[in-house]
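The data block below is my_file_31.txt; it holds compact mmCIF, N, CA, C and O atoms.
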# COMPACT_ATOMS: atom_id res chain seq x y z
N MET A 1 8.58 16.69 12.13
CA MET A 1 8.94 17.73 11.21
C MET A 1 8.85 17.18 9.78
O MET A 1 9.39 16.14 9.46
N MET A 2 8.14 17.88 8.90
CA MET A 2 8.00 17.46 7.51
C MET A 2 9.16 18.01 6.70
O MET A 2 9.57 19.14 6.89
N MET A 3 9.67 17.16 5.77
CA MET A 3 10.73 17.62 4.89
C MET A 3 10.96 16.64 3.77
O MET A 3 10.79 15.45 3.93
N ASP A 4 11.29 17.14 2.62
CA ASP A 4 11.73 16.33 1.48
C ASP A 4 10.88 15.10 1.19
O ASP A 4 11.39 14.00 1.07
N GLY A 5 9.57 15.26 1.09
CA GLY A 5 8.72 14.14 0.70
C GLY A 5 8.56 13.09 1.76
O GLY A 5 8.28 11.94 1.45
N ARG A 6 8.74 13.45 2.99
CA ARG A 6 8.57 12.48 4.08
C ARG A 6 8.09 13.20 5.33
O ARG A 6 8.19 14.42 5.44
N ILE A 7 7.55 12.42 6.24
CA ILE A 7 7.02 12.96 7.49
C ILE A 7 7.52 12.09 8.64
O ILE A 7 7.59 10.86 8.51
N SER A 8 7.87 12.72 9.75
CA SER A 8 8.42 11.96 10.87
C SER A 8 7.33 11.16 11.58
O SER A 8 6.15 11.52 11.55
N ARG A 9 7.76 10.11 12.22
CA ARG A 9 6.85 9.25 12.99
C ARG A 9 6.14 10.08 14.06
O ARG A 9 4.94 9.94 14.26
N GLU A 10 6.86 10.98 14.70
CA GLU A 10 6.28 11.79 15.77
C GLU A 10 5.18 12.71 15.24
O GLU A 10 4.15 12.90 15.88
N GLU A 11 5.39 13.28 14.05
CA GLU A 11 4.36 14.13 13.44
C GLU A 11 3.13 13.31 13.08
O GLU A 11 2.01 13.76 13.28
N LEU A 12 3.34 12.12 12.54
CA LEU A 12 2.21 11.25 12.19
C LEU A 12 1.38 10.92 13.42
O LEU A 12 0.15 10.94 13.37
N VAL A 13 2.06 10.61 14.51
CA VAL A 13 1.37 10.26 15.75
C VAL A 13 0.51 11.44 16.22
O VAL A 13 -0.63 11.25 16.64
N LYS A 14 1.05 12.65 16.12
CA LYS A 14 0.28 13.84 16.54
C LYS A 14 -0.88 14.10 15.59
O LYS A 14 -2.00 14.34 16.02
N ILE A 15 -0.61 14.10 14.30
CA ILE A 15 -1.63 14.44 13.31
C ILE A 15 -2.79 13.45 13.33
O ILE A 15 -3.96 13.83 13.32
N TYR A 16 -2.45 12.15 13.36
CA TYR A 16 -3.48 11.12 13.28
C TYR A 16 -3.98 10.67 14.65
O TYR A 16 -4.88 9.83 14.73
N GLN A 17 -3.40 11.21 15.70
CA GLN A 17 -3.79 10.88 17.07
C GLN A 17 -3.81 9.37 17.31
O GLN A 17 -4.82 8.80 17.70
N ILE A 18 -2.66 8.76 17.03
CA ILE A 18 -2.50 7.32 17.24
C ILE A 18 -1.40 7.08 18.26
O ILE A 18 -0.61 7.98 18.55
N GLU A 19 -1.33 5.87 18.77
CA GLU A 19 -0.25 5.50 19.67
C GLU A 19 1.01 5.23 18.85
O GLU A 19 0.94 4.63 17.79
N ILE A 20 2.14 5.64 19.39
CA ILE A 20 3.41 5.40 18.71
C ILE A 20 3.67 3.90 18.61
O ILE A 20 4.28 3.42 17.66
N SER A 21 3.15 3.13 19.59
CA SER A 21 3.35 1.67 19.57
C SER A 21 2.65 1.05 18.35
O SER A 21 3.15 0.06 17.80
N PHE A 22 1.51 1.62 17.93
CA PHE A 22 0.83 1.10 16.73
C PHE A 22 1.71 1.30 15.50
O PHE A 22 1.88 0.39 14.70
N PHE A 23 2.27 2.49 15.38
CA PHE A 23 3.18 2.77 14.26
C PHE A 23 4.34 1.78 14.28
O PHE A 23 4.69 1.21 13.25
N ASP A 24 4.93 1.58 15.45
CA ASP A 24 6.07 0.67 15.58
C ASP A 24 5.68 -0.77 15.22
O ASP A 24 6.46 -1.50 14.60
N GLU A 25 4.46 -1.18 15.60
CA GLU A 25 3.99 -2.53 15.25
C GLU A 25 3.87 -2.68 13.74
O GLU A 25 4.23 -3.73 13.20
N LEU A 26 3.37 -1.65 13.08
CA LEU A 26 3.25 -1.70 11.62
C LEU A 26 4.63 -1.85 10.98
O LEU A 26 4.80 -2.62 10.04
N GLU A 27 5.58 -1.13 11.53
CA GLU A 27 6.94 -1.19 10.99
C GLU A 27 7.56 -2.56 11.26
O GLU A 27 8.15 -3.17 10.36
N GLU A 28 7.43 -3.05 12.48
CA GLU A 28 8.01 -4.35 12.85
C GLU A 28 7.41 -5.50 12.04
O GLU A 28 8.10 -6.46 11.72
N SER A 29 6.14 -5.39 11.70
CA SER A 29 5.48 -6.46 10.95
C SER A 29 5.78 -6.37 9.45
O SER A 29 5.39 -7.25 8.69
N GLY A 30 6.44 -5.29 9.03
CA GLY A 30 6.78 -5.13 7.62
C GLY A 30 5.68 -4.46 6.80
O GLY A 30 5.79 -4.36 5.58
N LEU A 31 4.63 -4.00 7.47
CA LEU A 31 3.53 -3.35 6.76
C LEU A 31 3.89 -1.92 6.35
O LEU A 31 3.31 -1.38 5.42
N LEU A 32 4.84 -1.32 7.08
CA LEU A 32 5.32 0.03 6.76
C LEU A 32 6.83 -0.02 6.62
O LEU A 32 7.51 -0.68 7.40
N LYS A 33 7.32 0.71 5.62
CA LYS A 33 8.77 0.85 5.46
C LYS A 33 9.12 2.29 5.79
O LYS A 33 8.51 3.21 5.26
N THR A 34 10.08 2.46 6.67
CA THR A 34 10.47 3.80 7.08
C THR A 34 11.92 4.07 6.70
O THR A 34 12.69 3.15 6.41
N GLU A 35 12.26 5.33 6.73
CA GLU A 35 13.65 5.77 6.56
C GLU A 35 14.10 6.34 7.90
O GLU A 35 13.30 6.91 8.63
N VAL A 36 15.38 6.21 8.19
CA VAL A 36 15.92 6.77 9.43
C VAL A 36 17.01 7.77 9.08
O VAL A 36 17.88 7.49 8.26
N ALA A 37 16.90 8.96 9.68
CA ALA A 37 17.92 9.99 9.53
C ALA A 37 18.06 10.70 10.87
O ALA A 37 17.06 11.12 11.47
N ASP A 38 19.28 10.78 11.36
CA ASP A 38 19.55 11.41 12.66
C ASP A 38 18.67 10.83 13.77
O ASP A 38 18.08 11.55 14.57
N ASN A 39 18.55 9.50 13.77
CA ASN A 39 17.75 8.77 14.77
C ASN A 39 16.27 9.14 14.76
O ASN A 39 15.58 8.96 15.75
N ILE A 40 15.77 9.67 13.66
CA ILE A 40 14.35 9.98 13.51
C ILE A 40 13.79 9.11 12.40
O ILE A 40 14.37 9.01 11.33
N ARG A 41 12.67 8.45 12.69
CA ARG A 41 12.01 7.59 11.70
C ARG A 41 11.07 8.43 10.86
O ARG A 41 10.30 9.23 11.38
N TYR A 42 11.13 8.20 9.54
CA TYR A 42 10.29 8.93 8.60
C TYR A 42 9.51 7.97 7.73
O TYR A 42 9.99 6.88 7.40
N LEU A 43 8.33 8.40 7.34
CA LEU A 43 7.51 7.70 6.35
C LEU A 43 7.45 8.60 5.13
O LEU A 43 7.25 9.80 5.25
N THR A 44 7.66 8.02 3.95
CA THR A 44 7.60 8.84 2.74
C THR A 44 6.14 9.16 2.42
O THR A 44 5.24 8.42 2.79
N TYR A 45 5.93 10.27 1.73
CA TYR A 45 4.58 10.65 1.33
C TYR A 45 3.95 9.59 0.44
O TYR A 45 2.74 9.40 0.47
N ASP A 46 4.76 8.89 -0.34
CA ASP A 46 4.23 7.83 -1.21
C ASP A 46 3.60 6.71 -0.39
O ASP A 46 2.67 6.05 -0.86
N ASP A 47 4.12 6.47 0.81
CA ASP A 47 3.60 5.39 1.67
C ASP A 47 2.49 5.86 2.61
O ASP A 47 1.93 5.06 3.35
N LEU A 48 2.17 7.15 2.57
CA LEU A 48 1.15 7.70 3.45
C LEU A 48 -0.23 7.07 3.23
O LEU A 48 -0.91 6.75 4.21
N PRO A 49 -0.67 6.84 1.98
CA PRO A 49 -1.98 6.19 1.80
C PRO A 49 -2.06 4.79 2.43
O PRO A 49 -3.10 4.42 2.98
N VAL A 50 -0.96 4.05 2.38
CA VAL A 50 -0.92 2.72 3.01
C VAL A 50 -1.09 2.88 4.52
O VAL A 50 -1.89 2.17 5.14
N PHE A 51 -0.35 3.82 5.09
CA PHE A 51 -0.46 4.07 6.53
C PHE A 51 -1.89 4.46 6.91
O PHE A 51 -2.45 3.95 7.88
N GLU A 52 -2.48 5.37 6.15
CA GLU A 52 -3.84 5.83 6.46
C GLU A 52 -4.84 4.68 6.39
O GLU A 52 -5.73 4.57 7.24
N ARG A 53 -4.70 3.84 5.37
CA ARG A 53 -5.61 2.70 5.23
C ARG A 53 -5.46 1.76 6.43
O ARG A 53 -6.46 1.33 7.02
N LEU A 54 -4.23 1.45 6.81
CA LEU A 54 -4.00 0.55 7.95
C LEU A 54 -4.53 1.16 9.24
O LEU A 54 -5.14 0.46 10.06
N ALA A 55 -4.30 2.45 9.45
CA ALA A 55 -4.78 3.13 10.66
C ALA A 55 -6.31 3.12 10.69
O ALA A 55 -6.91 2.89 11.75
N ASN A 56 -6.94 3.35 9.55
CA ASN A 56 -8.42 3.32 9.50
C ASN A 56 -8.95 1.94 9.84
O ASN A 56 -9.90 1.80 10.61
N TRP A 57 -8.35 0.90 9.26
CA TRP A 57 -8.80 -0.46 9.55
C TRP A 57 -8.61 -0.78 11.03
O TRP A 57 -9.46 -1.42 11.64
N HIS A 58 -7.51 -0.32 11.60
CA HIS A 58 -7.22 -0.63 13.00
C HIS A 58 -8.15 0.13 13.94
O HIS A 58 -8.79 -0.46 14.81
N TYR A 59 -8.21 1.45 13.76
CA TYR A 59 -8.96 2.27 14.71
C TYR A 59 -10.46 2.30 14.43
O TYR A 59 -11.26 2.32 15.37
N ASP A 60 -10.87 2.30 13.17
CA ASP A 60 -12.30 2.38 12.86
C ASP A 60 -12.98 1.02 12.88
O ASP A 60 -14.14 0.91 13.26
N LEU A 61 -12.25 -0.01 12.46
CA LEU A 61 -12.84 -1.34 12.37
C LEU A 61 -12.36 -2.32 13.45
O LEU A 61 -12.85 -3.44 13.53
N GLY A 62 -11.35 -1.90 14.22
CA GLY A 62 -10.86 -2.75 15.30
C GLY A 62 -10.02 -3.93 14.85
O GLY A 62 -9.93 -4.93 15.55
N VAL A 63 -9.38 -3.82 13.68
CA VAL A 63 -8.56 -4.92 13.16
C VAL A 63 -7.18 -4.87 13.84
O VAL A 63 -6.52 -3.83 13.84
N ASN A 64 -6.76 -6.00 14.42
CA ASN A 64 -5.45 -6.04 15.08
C ASN A 64 -4.33 -6.21 14.05
O ASN A 64 -4.59 -6.42 12.86
N THR A 65 -3.09 -6.12 14.50
CA THR A 65 -1.95 -6.17 13.59
C THR A 65 -1.88 -7.46 12.78
O THR A 65 -1.68 -7.41 11.56
N PRO A 66 -2.07 -8.64 13.39
CA PRO A 66 -2.08 -9.86 12.56
C PRO A 66 -3.18 -9.81 11.49
O PRO A 66 -2.97 -10.26 10.36
N GLY A 67 -4.33 -9.26 11.84
CA GLY A 67 -5.41 -9.12 10.86
C GLY A 67 -5.02 -8.17 9.74
O GLY A 67 -5.33 -8.41 8.57
N LEU A 68 -4.32 -7.09 10.10
CA LEU A 68 -3.85 -6.15 9.09
C LEU A 68 -2.86 -6.82 8.13
O LEU A 68 -2.88 -6.55 6.93
N GLU A 69 -2.03 -7.70 8.67
CA GLU A 69 -1.07 -8.43 7.83
C GLU A 69 -1.81 -9.31 6.83
O GLU A 69 -1.46 -9.34 5.65
N VAL A 70 -2.84 -10.01 7.30
CA VAL A 70 -3.62 -10.90 6.42
C VAL A 70 -4.33 -10.07 5.34
O VAL A 70 -4.27 -10.41 4.15
N ILE A 71 -4.99 -9.00 5.75
CA ILE A 71 -5.71 -8.16 4.79
C ILE A 71 -4.75 -7.58 3.76
O ILE A 71 -5.03 -7.59 2.56
N SER A 72 -3.63 -7.08 4.23
CA SER A 72 -2.64 -6.49 3.33
C SER A 72 -2.15 -7.52 2.31
O SER A 72 -2.04 -7.23 1.12
N HIS A 73 -1.86 -8.72 2.78
CA HIS A 73 -1.41 -9.80 1.89
C HIS A 73 -2.47 -10.12 0.85
O HIS A 73 -2.17 -10.27 -0.35
N LEU A 74 -3.72 -10.23 1.29
CA LEU A 74 -4.80 -10.54 0.36
C LEU A 74 -5.01 -9.41 -0.64
O LEU A 74 -5.26 -9.67 -1.83
N MET A 75 -4.89 -8.17 -0.20
CA MET A 75 -5.04 -7.02 -1.11
C MET A 75 -3.94 -7.04 -2.17
O MET A 75 -4.20 -6.74 -3.34
N GLN A 76 -2.72 -7.40 -1.77
CA GLN A 76 -1.62 -7.50 -2.74
C GLN A 76 -1.91 -8.59 -3.78
O GLN A 76 -1.65 -8.41 -4.97
N LYS A 77 -2.45 -9.71 -3.32
CA LYS A 77 -2.81 -10.79 -4.24
C LYS A 77 -3.90 -10.33 -5.21
O LYS A 77 -3.83 -10.63 -6.41
N ILE A 78 -4.90 -9.63 -4.70
CA ILE A 78 -5.99 -9.13 -5.56
C ILE A 78 -5.43 -8.18 -6.61
O ILE A 78 -5.77 -8.28 -7.79
N GLU A 79 -4.56 -7.25 -6.19
CA GLU A 79 -3.96 -6.30 -7.13
C GLU A 79 -3.16 -7.03 -8.21
O GLU A 79 -3.22 -6.68 -9.39
N LYS A 80 -2.42 -8.06 -7.81
CA LYS A 80 -1.63 -8.84 -8.78
C LYS A 80 -2.56 -9.54 -9.77
O LYS A 80 -2.31 -9.53 -10.98
N LEU A 81 -3.63 -10.15 -9.27
CA LEU A 81 -4.58 -10.83 -10.15
C LEU A 81 -5.27 -9.85 -11.09
O LEU A 81 -5.49 -10.17 -12.27
N GLN A 82 -5.61 -8.66 -10.59
CA GLN A 82 -6.22 -7.65 -11.45
C GLN A 82 -5.27 -7.23 -12.56
O GLN A 82 -5.68 -7.08 -13.72
N HIS A 83 -4.00 -7.08 -12.22
CA HIS A 83 -3.00 -6.72 -13.22
C HIS A 83 -2.88 -7.83 -14.27
O HIS A 83 -2.84 -7.56 -15.47
N GLU A 84 -2.83 -9.08 -13.81
CA GLU A 84 -2.74 -10.21 -14.74
C GLU A 84 -3.99 -10.29 -15.62
O GLU A 84 -3.88 -10.57 -16.82
N ASN A 85 -5.15 -10.01 -15.06
CA ASN A 85 -6.40 -10.01 -15.83
C ASN A 85 -6.35 -8.96 -16.94
O ASN A 85 -6.71 -9.25 -18.08
N ARG A 86 -5.94 -7.74 -16.58
CA ARG A 86 -5.86 -6.67 -17.58
C ARG A 86 -4.87 -7.04 -18.68
O ARG A 86 -5.14 -6.81 -19.87
N SER A 87 -3.77 -7.64 -18.31
CA SER A 87 -2.77 -8.05 -19.28
C SER A 87 -3.33 -9.12 -20.21
O SER A 87 -3.14 -9.07 -21.43
N MET A 88 -4.05 -10.09 -19.66
CA MET A 88 -4.65 -11.14 -20.48
C MET A 88 -5.70 -10.57 -21.43
O MET A 88 -5.77 -10.97 -22.60
N ILE A 89 -6.50 -9.65 -20.95
CA ILE A 89 -7.53 -9.04 -21.79
C ILE A 89 -6.88 -8.29 -22.95
O ILE A 89 -7.34 -8.39 -24.09
N ARG A 90 -5.80 -7.57 -22.69
CA ARG A 90 -5.08 -6.87 -23.77
C ARG A 90 -4.56 -7.86 -24.80
O ARG A 90 -4.70 -7.66 -26.00
N ARG A 91 -3.97 -8.97 -24.34
CA ARG A 91 -3.45 -9.98 -25.26
C ARG A 91 -4.57 -10.61 -26.08
O ARG A 91 -4.42 -10.83 -27.29
N MET A 92 -5.70 -10.86 -25.44
CA MET A 92 -6.83 -11.46 -26.16
C MET A 92 -7.36 -10.50 -27.22
O MET A 92 -7.72 -10.93 -28.32
N ARG A 93 -7.40 -9.21 -26.89
CA ARG A 93 -7.86 -8.22 -27.88
C ARG A 93 -6.91 -8.17 -29.07
O ARG A 93 -7.35 -8.07 -30.21
N LEU A 94 -5.60 -8.22 -28.79
CA LEU A 94 -4.63 -8.22 -29.88
C LEU A 94 -4.79 -9.44 -30.77
O LEU A 94 -4.75 -9.35 -31.99
N LEU A 95 -4.98 -10.60 -30.13
CA LEU A 95 -5.19 -11.83 -30.90
C LEU A 95 -6.48 -11.75 -31.70
O LEU A 95 -6.53 -12.15 -32.87
N SER A 96 -7.52 -11.22 -31.09
CA SER A 96 -8.80 -11.08 -31.77
C SER A 96 -8.67 -10.17 -32.98
O SER A 96 -9.19 -10.48 -34.06
N ASP A 97 -7.95 -9.06 -32.82
CA ASP A 97 -7.71 -8.15 -33.94
C ASP A 97 -6.95 -8.85 -35.05
O ASP A 97 -7.26 -8.67 -36.23
N SER A 98 -5.96 -9.65 -34.68
CA SER A 98 -5.18 -10.40 -35.68
C SER A 98 -6.05 -11.38 -36.43
O SER A 98 -5.94 -11.54 -37.63
N TRP A 99 -6.94 -12.07 -35.70
CA TRP A 99 -7.84 -13.02 -36.35
C TRP A 99 -8.78 -12.30 -37.31
O TRP A 99 -9.06 -12.78 -38.40
N ASP A 100 -9.31 -11.16 -36.87
CA ASP A 100 -10.23 -10.38 -37.72
C ASP A 100 -9.52 -9.96 -39.01
O ASP A 100 -10.09 -10.04 -40.09
N GLU A 101 -8.28 -9.52 -38.88
CA GLU A 101 -7.52 -9.11 -40.06
C GLU A 101 -7.23 -10.30 -40.97
O GLU A 101 -7.28 -10.18 -42.19
N ALA A 102 -6.94 -11.46 -40.38
CA ALA A 102 -6.65 -12.66 -41.17
C ALA A 102 -7.88 -13.10 -41.96
O ALA A 102 -7.77 -13.57 -43.09
N GLU A 103 -9.08 -12.96 -41.39
CA GLU A 103 -10.30 -13.35 -42.08
C GLU A 103 -10.57 -12.45 -43.28
O GLU A 103 -11.17 -12.86 -44.25
N LEU A 104 -10.11 -11.18 -43.21
CA LEU A 104 -10.33 -10.25 -44.30
C LEU A 104 -9.43 -10.57 -45.50
O LEU A 104 -9.76 -10.18 -46.63
N LEU A 105 -8.33 -11.25 -45.27
CA LEU A 105 -7.39 -11.55 -46.36
C LEU A 105 -7.88 -12.64 -47.20
O LEU A 105 -8.33 -13.38 -47.63

As structure tokens - that is how I would like this structure written.
Amino acid sequence: MMMDGRISREELVKIYQIEISFFDELEESGLLKTEVADNIRYLTYDDLPVFERLANWHYDLGVNTPGLEVISHLMQKIEKLQHENRSMIRRMRLLSDSWDEAELL
């Protein structure tokens, strides 16, 4: 049952036609964070893209849960490095602008 920005584990299993054990493995490995209300596990809509990506890698590419953990970890590292790169580029541009202004004085 869908409600309040979240979807139940049972609905996800039906919609995506996956085994409930796969969902449980993702949760146990820490790849998915769920909420529990009235003994029903829910995934928030914000976490749905993560779930879809993991399900695609598992079912379409045959990646097992340990492989999903490795890929997820590496993707997080890449995102962090990309963020650091963008931050460094912004700082370099600011410094470059400051140098350009100093040369004009």

Tell me, which residues of chain A carry DSSP strand (DSSP E or B), written as JSON, numbers by chain? {"A": [2, 3, 6, 7, 8, 35, 36, 37, 40, 41, 42, 43, 44]}

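Distances to A:Thr34 were evaluated for A:Ile7, A:Met75, A:Ser98, A:Met92 using all atoms listed in the file, and the minimum falls at A:Ile7.
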
Using Å and a single decimal, report how far atom N of A:Ile89 sits from atom N of A:Pro49. 28.8 Å

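Each of A:Ala37, A:Leu48, A:Leu81, A:Leu54 was checked against A:Gly5 using all atoms listed in the file; the smallest atom-to-atom distance is that of A:Leu48.
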
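Take atom C of A:Glu69 and atom O of A:Arg6: the distance between them is 25.8 Å.
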
What parts of chain A does DSSP call alpha helix (DSSP H)? I'd like the answer as an MDAnalysis selection string. chainID A and resid 9:16 20:28 48:61 65:104
